[in-house]
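One file, run27.cif, carrying mmCIF, C-alpha atoms:
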```cif
data_run
loop_
_atom_site.label_atom_id
_atom_site.label_comp_id
_atom_site.auth_asym_id
_atom_site.auth_seq_id
_atom_site.Cartn_x
_atom_site.Cartn_y
_atom_site.Cartn_z
CA MET O 1 -20.19 18.55 120.33
CA THR O 2 -19.42 19.73 116.81
CA GLU O 3 -20.03 23.43 116.23
CA ARG O 4 -21.14 25.17 113.06
CA THR O 5 -22.14 28.71 112.06
CA LEU O 6 -25.25 29.50 110.01
CA ALA O 7 -25.75 32.94 108.44
CA VAL O 8 -29.26 34.15 107.62
CA ILE O 9 -29.95 37.03 105.22
CA SER O 10 -33.41 38.60 105.09
CA ALA O 11 -34.15 41.31 102.55
CA GLY O 12 -37.62 42.16 103.84
CA LEU O 13 -38.41 45.87 103.95
CA SER O 14 -41.31 45.99 106.38
CA GLN O 15 -41.35 45.21 110.07
CA PRO O 16 -42.65 42.66 110.85
CA SER O 17 -41.87 41.00 107.55
CA SER O 18 -43.06 37.74 106.00
CA THR O 19 -39.58 37.47 104.47
CA ARG O 20 -38.00 37.54 107.92
CA LEU O 21 -40.62 35.08 109.18
CA LEU O 22 -39.73 32.61 106.43
CA ALA O 23 -36.00 33.09 107.08
CA ASP O 24 -36.50 32.38 110.78
CA LYS O 25 -38.54 29.24 110.10
CA LEU O 26 -35.88 27.93 107.72
CA ALA O 27 -33.15 28.66 110.26
CA THR O 28 -35.06 26.99 113.11
CA ALA O 29 -35.71 23.86 111.06
CA THR O 30 -32.05 23.67 110.00
CA VAL O 31 -30.77 24.11 113.55
CA THR O 32 -33.13 21.37 114.75
CA ARG O 33 -31.88 18.98 112.08
CA LEU O 34 -28.28 19.73 112.98
CA ALA O 35 -28.97 19.23 116.69
CA ASP O 36 -30.36 15.79 115.87
CA GLU O 37 -26.95 15.00 114.36
CA GLY O 38 -25.11 16.27 117.43
CA VAL O 39 -24.13 19.59 115.87
CA SER O 40 -24.40 22.84 117.85
CA THR O 41 -25.21 25.84 115.63
CA THR O 42 -24.60 29.55 116.06
CA VAL O 43 -27.12 31.52 113.99
CA LEU O 44 -26.19 34.99 112.70
CA THR O 45 -29.25 36.80 111.32
CA TYR O 46 -28.96 40.00 109.31
CA GLU O 47 -31.76 42.27 108.10
CA LEU O 48 -30.48 44.00 104.98
CA ARG O 49 -32.83 46.93 105.60
CA ASP O 50 -30.58 47.82 108.55
CA TYR O 51 -27.55 47.95 106.21
CA ALA O 52 -29.21 49.66 103.23
CA GLN O 53 -27.24 52.92 103.54
CA ASP O 54 -23.98 51.06 104.12
CA ILE O 55 -24.55 48.92 101.03
CA MET O 56 -25.34 51.94 98.86
CA ASN O 57 -22.25 53.79 100.09
CA ASN O 58 -20.17 50.75 99.24
CA MET O 59 -21.58 50.67 95.73
CA LEU O 60 -20.79 54.38 95.27
CA THR O 61 -17.32 54.41 96.82
CA GLY O 62 -16.13 50.84 96.28
CA PHE O 63 -15.34 50.43 99.99
CA ALA O 64 -17.26 48.82 102.83
CA ASN O 65 -17.36 50.66 106.15
CA PRO O 66 -16.32 48.68 109.25
CA ARG O 67 -19.92 47.78 110.14
CA LEU O 68 -20.69 46.33 106.71
CA GLU O 69 -17.27 44.71 106.41
CA GLU O 70 -17.80 42.86 109.68
CA MET O 71 -21.16 41.59 108.45
CA ILE O 72 -19.74 40.49 105.08
CA GLU O 73 -16.92 38.60 106.79
CA ALA O 74 -19.41 36.81 109.05
CA VAL O 75 -21.65 35.82 106.14
CA THR O 76 -18.88 34.61 103.86
CA ALA O 77 -17.15 32.63 106.62
CA ALA O 78 -20.32 30.82 107.77
CA ASP O 79 -20.70 27.09 107.22
CA GLY O 80 -24.05 27.67 105.55
CA LEU O 81 -26.24 30.51 104.30
CA ILE O 82 -30.00 31.01 104.21
CA ALA O 83 -30.91 33.85 101.83
CA VAL O 84 -34.50 35.06 101.56
CA THR O 85 -35.86 37.95 99.50
CA PRO O 86 -39.24 39.42 98.64
CA ILE O 87 -40.07 39.26 94.94
CA PHE O 88 -40.57 42.64 93.27
CA THR O 89 -41.39 42.94 89.55
CA THR O 90 -40.77 39.21 88.95
CA SER O 91 -37.30 39.11 90.54
CA TYR O 92 -35.31 39.57 93.76
CA SER O 93 -35.35 42.95 95.45
CA GLY O 94 -32.79 45.59 94.55
CA LEU O 95 -31.47 45.62 98.11
CA PHE O 96 -30.91 41.85 98.03
CA LYS O 97 -29.05 42.01 94.72
CA SER O 98 -27.03 45.06 95.80
CA PHE O 99 -25.68 43.21 98.84
CA PHE O 100 -24.41 40.33 96.73
CA ASP O 101 -23.01 42.83 94.22
CA VAL O 102 -20.70 44.41 96.80
CA ILE O 103 -19.16 41.19 98.13
CA ASP O 104 -16.25 39.58 96.35
CA ASN O 105 -17.59 37.13 93.76
CA ARG O 106 -15.23 34.41 95.00
CA SER O 107 -16.13 34.66 98.67
CA LEU O 108 -19.14 32.32 98.55
CA THR O 109 -17.38 29.56 96.61
CA ASP O 110 -18.53 26.11 97.82
CA GLN O 111 -20.72 27.60 100.55
CA PRO O 112 -23.97 25.66 101.09
CA VAL O 113 -26.93 27.96 100.40
CA LEU O 114 -30.68 27.60 100.88
CA ILE O 115 -32.68 30.14 98.89
CA GLY O 116 -36.16 31.37 99.73
CA ALA O 117 -38.57 34.05 98.57
CA THR O 118 -41.90 35.61 99.45
CA ALA O 119 -44.58 37.35 97.39
CA GLY O 120 -48.27 38.06 97.34
CA THR O 121 -49.08 35.40 94.75
CA PRO O 122 -47.72 31.93 93.85
CA ARG O 123 -47.24 33.12 90.27
CA HIS O 124 -43.87 34.59 91.32
CA SER O 125 -42.46 31.31 92.62
CA LEU O 126 -40.47 30.66 89.42
CA ALA O 127 -38.24 33.62 90.32
CA LEU O 128 -36.33 31.26 92.61
CA ASP O 129 -35.19 29.20 89.64
CA TYR O 130 -34.69 31.86 86.98
CA ALA O 131 -33.24 34.64 89.19
CA LEU O 132 -31.89 33.51 92.57
CA ARG O 133 -30.48 30.10 91.69
CA PRO O 134 -28.49 31.36 88.67
CA MET O 135 -27.03 34.21 90.75
CA PHE O 136 -25.70 31.86 93.43
CA THR O 137 -24.49 29.44 90.77
CA TYR O 138 -22.48 32.32 89.30
CA LEU O 139 -21.04 32.90 92.78
CA HIS O 140 -20.00 29.21 92.86
CA SER O 141 -22.16 28.43 95.88
CA VAL O 142 -23.67 24.99 96.46
CA VAL O 143 -27.41 25.66 96.30
CA VAL O 144 -29.57 22.93 97.83
CA PRO O 145 -32.09 21.35 95.43
CA THR O 146 -35.18 22.47 97.34
CA SER O 147 -35.93 26.20 97.36
CA VAL O 148 -38.80 27.57 99.45
CA PHE O 149 -41.37 30.06 98.24
CA ALA O 150 -44.12 31.47 100.45
CA ALA O 151 -47.11 33.36 99.04
CA SER O 152 -49.56 35.23 101.21
CA GLU O 153 -51.96 32.26 101.18
CA ASP O 154 -49.26 29.98 102.59
CA TRP O 155 -49.51 31.71 105.96
CA GLY O 156 -53.26 31.16 106.14
CA SER O 157 -53.30 27.96 108.18
CA GLY O 158 -51.15 25.52 110.08
CA ASP O 159 -50.77 23.28 107.03
CA GLY O 160 -49.45 26.15 104.89
CA GLY O 161 -52.77 27.10 103.37
CA ARG O 162 -52.52 24.86 100.29
CA VAL O 163 -55.62 22.82 99.45
CA ASP O 164 -54.17 20.93 96.46
CA SER O 165 -52.87 17.61 97.80
CA ARG O 166 -50.38 17.43 94.92
CA VAL O 167 -48.54 20.49 96.24
CA GLN O 168 -46.33 20.22 99.32
CA THR O 169 -47.37 22.45 102.20
CA LEU O 170 -45.05 25.23 103.32
CA PRO O 171 -43.98 23.39 106.52
CA ALA O 172 -43.17 20.29 104.44
CA ARG O 173 -41.08 22.31 101.99
CA ILE O 174 -39.25 23.99 104.88
CA GLU O 175 -38.42 20.65 106.47
CA ARG O 176 -37.20 19.19 103.20
CA ALA O 177 -34.96 22.16 102.42
CA ALA O 178 -33.64 22.26 105.99
CA GLY O 179 -32.69 18.61 105.77
CA GLU O 180 -30.73 19.22 102.57
CA LEU O 181 -28.92 22.25 104.00
CA SER O 182 -28.12 20.65 107.35
CA ALA O 183 -26.48 17.67 105.64
CA LEU O 184 -24.07 20.02 103.86
CA VAL O 185 -23.47 22.31 106.84
CA ALA O 186 -22.61 19.34 109.08
CA ARG O 187 -19.75 18.46 106.71
CA SER O 188 -18.55 22.04 106.23
CA ASP O 189 -15.33 23.40 107.72
CA ARG O 190 -15.63 26.99 106.43
CA SER O 191 -15.94 28.59 109.86
CA SER O 192 -12.73 26.91 111.01
CA ARG O 193 -10.72 28.20 108.06
CA VAL O 194 -11.76 31.84 107.96
CA ARG O 195 -10.04 33.93 105.33
CA ASP O 196 -10.30 37.49 104.16
CA PRO O 197 -13.18 37.65 101.61
CA PHE O 198 -11.20 40.32 99.76
CA GLU O 199 -8.02 38.24 99.60
CA LEU O 200 -6.48 38.24 96.14
CA PRO O 201 -5.79 34.89 94.45
CA ALA O 202 -2.25 33.51 94.63
CA ASP O 203 -1.75 33.96 90.89
CA PHE O 204 -2.91 37.60 90.88
CA ASN O 205 -0.60 39.78 88.79
CA PRO O 206 -1.18 43.53 89.23
CA ALA O 207 0.77 44.21 86.05
CA GLY O 208 -2.03 42.52 84.13
CA MET O 209 -4.43 45.28 85.19
CA PHE O 210 -2.69 47.81 82.97
CA PRO O 211 -2.54 47.51 79.17
CA PRO O 212 0.87 47.91 77.51
CA ARG O 213 1.68 51.38 76.30
#
```
Kindly present the structure from the file in structure tokens form.
Amino acid sequence: MTERTLAVISAGLSQPSSTRLLADKLATATVTRLADEGVSTTVLTYELRDYAQDIMNNMLTGFANPRLEEMIEAVTAADGLIAVTPIFTTSYSGLFKSFFDVIDNRSLTDQPVLIGATAGTPRHSLALDYALRPMFTYLHSVVVPTSVFAASEDWGSGDGGRVDSRVQTLPARIERAAGELSALVARSDRSSRVRDPFELPADFNPAGMFPPR
């Protein structure tokens, strides 16, 4: 059986967290889709709240401690990534952004990514398209077309809480996004060609870092 690795990032601050709940549902749906295709998946789930101090120290010193470095290597080497954040003040959380600030901006190149977000009201759903998607595009990731947003009302019933028939329910959106991600992860070979996320490009010239005197 083919084997793949799926990394899951949750930036929820509370415990339990609706952000973690959404991340888990996305991961479960993706693993199920992959299993249907004969692909066995190892899921690596990380709560950024557990690494908050490590991330801040990295931002201040420029170096990741061994614990954070191990996590970064696992995330960047995975065949696919699910990244979910709560929305604060119309955008992703500071902890979520800080994590992606400390990793090398080339390390997620071509990695399939499914983005998700949670908030108290559906009015914040556009943050997925004007904040999260551009960030991962800058990082050269392959972001699946369907992003998943969950407002408080989406957890109200088994059909996702939506009463407007024109709007897909949360479970339907999860299944659609999982199908898109699983198709890319099944074809990925990232986990079999692990490289150092801090590796310098072949054409790197240290002399170019210093201006002529």
Got a sec to resolve the PyMOL selection byres ((chain O and resi 146) around 8) on this structure and send the residues as an MDAnalysis selection string?
chainID O and resid 114 144:145 147:148 173 176:177 180
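Each of O:Thr118, O:Ser182, O:Ser191, O:Thr89 was checked against Thr32 (chain O) using only C-alpha atoms; the smallest atom-to-atom distance is that of O:Ser182.
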On this file, the PyMOL selection byres ((chain O and resi 150) around 7) gives some set of residues; write that set as a tab-separated table (two decimals) with C-alpha atoms, in the coordinates of the input.
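Okay, this is what ended up in expr.tsv:
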```
chain	number	residue	atom	x	y	z
O	117	ALA	CA	-38.57	34.05	98.57
O	118	THR	CA	-41.90	35.61	99.45
O	119	ALA	CA	-44.58	37.35	97.39
O	148	VAL	CA	-38.80	27.57	99.45
O	149	PHE	CA	-41.37	30.06	98.24
O	151	ALA	CA	-47.11	33.36	99.04
O	152	SER	CA	-49.56	35.23	101.21
O	154	ASP	CA	-49.26	29.98	102.59
O	170	LEU	CA	-45.05	25.23	103.32
```
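Minimum atom-to-atom distances from O:Glu153, O:Asp104, O:Glu3, O:Asp110 to Phe63 (chain O) were compared using all atoms listed in the file, and the lowest value belongs to O:Asp104.
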Could you jot down the CA of Val31 (chain O) to CA of Pro66 (chain O) separation for me, Å, one decimal place?
28.8 Å
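One finds CA of Gln15 (chain O) at 25.6 Å from CA of Thr76 (chain O).
Interatomic distance, CA of Ser17 (chain O) to CA of Arg49 (chain O): 11.0 Å.
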So which residues fall inside 12 Å of (-23.9, 53.1, 100.0) if we count only C-alpha atoms? Mind giving them as a ChimeraX atom specification?
/O:51-65,68,95,98-99,101-102
Which residues come within 9 Å of Leu126 (chain O), counting all atoms listed in the file, excluding same-chain residues fewer than 4 positions away, as a list in words?
Thr90, Pro122, Tyr130, Ala131 and Phe149 of chain O
Completion step: region 54-90 of chain O with N, CA and C atoms as a PDB file, in the coordinates of the input:
```
ATOM      1  N   ASP O  54     -25.354  51.549 104.205  1.00  0.00           N
ATOM      2  CA  ASP O  54     -23.980  51.060 104.120  1.00  0.00           C
ATOM      3  C   ASP O  54     -23.722  50.397 102.765  1.00  0.00           C
ATOM      4  N   ILE O  55     -24.698  49.610 102.307  1.00  0.00           N
ATOM      5  CA  ILE O  55     -24.550  48.920 101.030  1.00  0.00           C
ATOM      6  C   ILE O  55     -24.485  49.922  99.882  1.00  0.00           C
ATOM      7  N   MET O  56     -25.349  50.927  99.922  1.00  0.00           N
ATOM      8  CA  MET O  56     -25.340  51.940  98.860  1.00  0.00           C
ATOM      9  C   MET O  56     -24.037  52.725  98.848  1.00  0.00           C
ATOM     10  N   ASN O  57     -23.530  53.087 100.031  1.00  0.00           N
ATOM     11  CA  ASN O  57     -22.250  53.790 100.090  1.00  0.00           C
ATOM     12  C   ASN O  57     -21.123  52.938  99.534  1.00  0.00           C
ATOM     13  N   ASN O  58     -21.188  51.648  99.783  1.00  0.00           N
ATOM     14  CA  ASN O  58     -20.170  50.750  99.240  1.00  0.00           C
ATOM     15  C   ASN O  58     -20.237  50.722  97.724  1.00  0.00           C
ATOM     16  N   MET O  59     -21.441  50.691  97.183  1.00  0.00           N
ATOM     17  CA  MET O  59     -21.580  50.670  95.730  1.00  0.00           C
ATOM     18  C   MET O  59     -21.053  51.965  95.107  1.00  0.00           C
ATOM     19  N   LEU O  60     -21.230  53.090  95.805  1.00  0.00           N
ATOM     20  CA  LEU O  60     -20.790  54.380  95.270  1.00  0.00           C
ATOM     21  C   LEU O  60     -19.294  54.614  95.426  1.00  0.00           C
ATOM     22  N   THR O  61     -18.728  54.131  96.525  1.00  0.00           N
ATOM     23  CA  THR O  61     -17.320  54.410  96.820  1.00  0.00           C
ATOM     24  C   THR O  61     -16.390  53.235  96.529  1.00  0.00           C
ATOM     25  N   GLY O  62     -16.964  52.017  96.494  1.00  0.00           N
ATOM     26  CA  GLY O  62     -16.130  50.840  96.280  1.00  0.00           C
ATOM     27  C   GLY O  62     -15.533  50.302  97.563  1.00  0.00           C
ATOM     28  N   PHE O  63     -15.898  50.880  98.709  1.00  0.00           N
ATOM     29  CA  PHE O  63     -15.340  50.430  99.990  1.00  0.00           C
ATOM     30  C   PHE O  63     -16.453  50.197 100.999  1.00  0.00           C
ATOM     31  N   ALA O  64     -16.302  49.113 101.771  1.00  0.00           N
ATOM     32  CA  ALA O  64     -17.260  48.820 102.830  1.00  0.00           C
ATOM     33  C   ALA O  64     -16.807  49.478 104.126  1.00  0.00           C
ATOM     34  N   ASN O  65     -17.729  50.112 104.840  1.00  0.00           N
ATOM     35  CA  ASN O  65     -17.360  50.660 106.150  1.00  0.00           C
ATOM     36  C   ASN O  65     -17.193  49.513 107.141  1.00  0.00           C
ATOM     37  N   PRO O  66     -16.593  49.763 108.306  1.00  0.00           N
ATOM     38  CA  PRO O  66     -16.320  48.680 109.250  1.00  0.00           C
ATOM     39  C   PRO O  66     -17.538  47.851 109.626  1.00  0.00           C
ATOM     40  N   ARG O  67     -18.691  48.501 109.765  1.00  0.00           N
ATOM     41  CA  ARG O  67     -19.920  47.780 110.140  1.00  0.00           C
ATOM     42  C   ARG O  67     -20.323  46.779 109.066  1.00  0.00           C
ATOM     43  N   LEU O  68     -20.324  47.217 107.813  1.00  0.00           N
ATOM     44  CA  LEU O  68     -20.690  46.330 106.710  1.00  0.00           C
ATOM     45  C   LEU O  68     -19.621  45.274 106.479  1.00  0.00           C
ATOM     46  N   GLU O  69     -18.357  45.668 106.615  1.00  0.00           N
ATOM     47  CA  GLU O  69     -17.270  44.710 106.410  1.00  0.00           C
ATOM     48  C   GLU O  69     -17.339  43.572 107.418  1.00  0.00           C
ATOM     49  N   GLU O  70     -17.672  43.893 108.660  1.00  0.00           N
ATOM     50  CA  GLU O  70     -17.800  42.860 109.680  1.00  0.00           C
ATOM     51  C   GLU O  70     -18.930  41.883 109.336  1.00  0.00           C
ATOM     52  N   MET O  71     -20.036  42.427 108.834  1.00  0.00           N
ATOM     53  CA  MET O  71     -21.160  41.590 108.450  1.00  0.00           C
ATOM     54  C   MET O  71     -20.816  40.705 107.252  1.00  0.00           C
ATOM     55  N   ILE O  72     -20.141  41.258 106.258  1.00  0.00           N
ATOM     56  CA  ILE O  72     -19.740  40.490 105.080  1.00  0.00           C
ATOM     57  C   ILE O  72     -18.810  39.348 105.476  1.00  0.00           C
ATOM     58  N   GLU O  73     -17.858  39.626 106.355  1.00  0.00           N
ATOM     59  CA  GLU O  73     -16.920  38.600 106.790  1.00  0.00           C
ATOM     60  C   GLU O  73     -17.656  37.466 107.515  1.00  0.00           C
ATOM     61  N   ALA O  74     -18.650  37.823 108.325  1.00  0.00           N
ATOM     62  CA  ALA O  74     -19.410  36.810 109.050  1.00  0.00           C
ATOM     63  C   ALA O  74     -20.210  35.943 108.095  1.00  0.00           C
ATOM     64  N   VAL O  75     -20.826  36.560 107.100  1.00  0.00           N
ATOM     65  CA  VAL O  75     -21.650  35.820 106.140  1.00  0.00           C
ATOM     66  C   VAL O  75     -20.792  34.892 105.288  1.00  0.00           C
ATOM     67  N   THR O  76     -19.697  35.400 104.774  1.00  0.00           N
ATOM     68  CA  THR O  76     -18.880  34.610 103.860  1.00  0.00           C
ATOM     69  C   THR O  76     -18.105  33.503 104.575  1.00  0.00           C
ATOM     70  N   ALA O  77     -17.894  33.644 105.873  1.00  0.00           N
ATOM     71  CA  ALA O  77     -17.150  32.630 106.620  1.00  0.00           C
ATOM     72  C   ALA O  77     -18.065  31.574 107.237  1.00  0.00           C
ATOM     73  N   ALA O  78     -19.376  31.756 107.149  1.00  0.00           N
ATOM     74  CA  ALA O  78     -20.320  30.820 107.770  1.00  0.00           C
ATOM     75  C   ALA O  78     -20.294  29.474 107.057  1.00  0.00           C
ATOM     76  N   ASP O  79     -20.657  28.433 107.790  1.00  0.00           N
ATOM     77  CA  ASP O  79     -20.700  27.090 107.220  1.00  0.00           C
ATOM     78  C   ASP O  79     -21.881  26.894 106.288  1.00  0.00           C
ATOM     79  N   GLY O  80     -22.890  27.746 106.421  1.00  0.00           N
ATOM     80  CA  GLY O  80     -24.050  27.670 105.550  1.00  0.00           C
ATOM     81  C   GLY O  80     -24.757  29.014 105.518  1.00  0.00           C
ATOM     82  N   LEU O  81     -25.542  29.240 104.470  1.00  0.00           N
ATOM     83  CA  LEU O  81     -26.240  30.510 104.300  1.00  0.00           C
ATOM     84  C   LEU O  81     -27.691  30.267 103.914  1.00  0.00           C
ATOM     85  N   ILE O  82     -28.589  30.961 104.593  1.00  0.00           N
ATOM     86  CA  ILE O  82     -30.000  31.010 104.210  1.00  0.00           C
ATOM     87  C   ILE O  82     -30.265  32.412 103.694  1.00  0.00           C
ATOM     88  N   ALA O  83     -30.702  32.539 102.447  1.00  0.00           N
ATOM     89  CA  ALA O  83     -30.910  33.850 101.830  1.00  0.00           C
ATOM     90  C   ALA O  83     -32.345  33.956 101.346  1.00  0.00           C
ATOM     91  N   VAL O  84     -33.084  34.927 101.882  1.00  0.00           N
ATOM     92  CA  VAL O  84     -34.500  35.060 101.560  1.00  0.00           C
ATOM     93  C   VAL O  84     -34.801  36.500 101.124  1.00  0.00           C
ATOM     94  N   THR O  85     -35.532  36.633 100.035  1.00  0.00           N
ATOM     95  CA  THR O  85     -35.860  37.950  99.500  1.00  0.00           C
ATOM     96  C   THR O  85     -37.337  38.046  99.130  1.00  0.00           C
ATOM     97  N   PRO O  86     -37.920  39.227  99.239  1.00  0.00           N
ATOM     98  CA  PRO O  86     -39.240  39.420  98.640  1.00  0.00           C
ATOM     99  C   PRO O  86     -39.072  39.512  97.121  1.00  0.00           C
ATOM    100  N   ILE O  87     -40.116  39.156  96.393  1.00  0.00           N
ATOM    101  CA  ILE O  87     -40.070  39.260  94.940  1.00  0.00           C
ATOM    102  C   ILE O  87     -40.778  40.531  94.510  1.00  0.00           C
ATOM    103  N   PHE O  88     -40.030  41.398  93.806  1.00  0.00           N
ATOM    104  CA  PHE O  88     -40.570  42.640  93.270  1.00  0.00           C
ATOM    105  C   PHE O  88     -40.394  42.627  91.755  1.00  0.00           C
ATOM    106  N   THR O  89     -41.461  42.873  91.003  1.00  0.00           N
ATOM    107  CA  THR O  89     -41.390  42.940  89.550  1.00  0.00           C
ATOM    108  C   THR O  89     -40.712  41.688  88.983  1.00  0.00           C
ATOM    109  N   THR O  90     -41.168  40.549  89.429  1.00  0.00           N
ATOM    110  CA  THR O  90     -40.770  39.210  88.950  1.00  0.00           C
ATOM    111  C   THR O  90     -39.341  38.801  89.310  1.00  0.00           C
TER     112      THR O  90
END
```
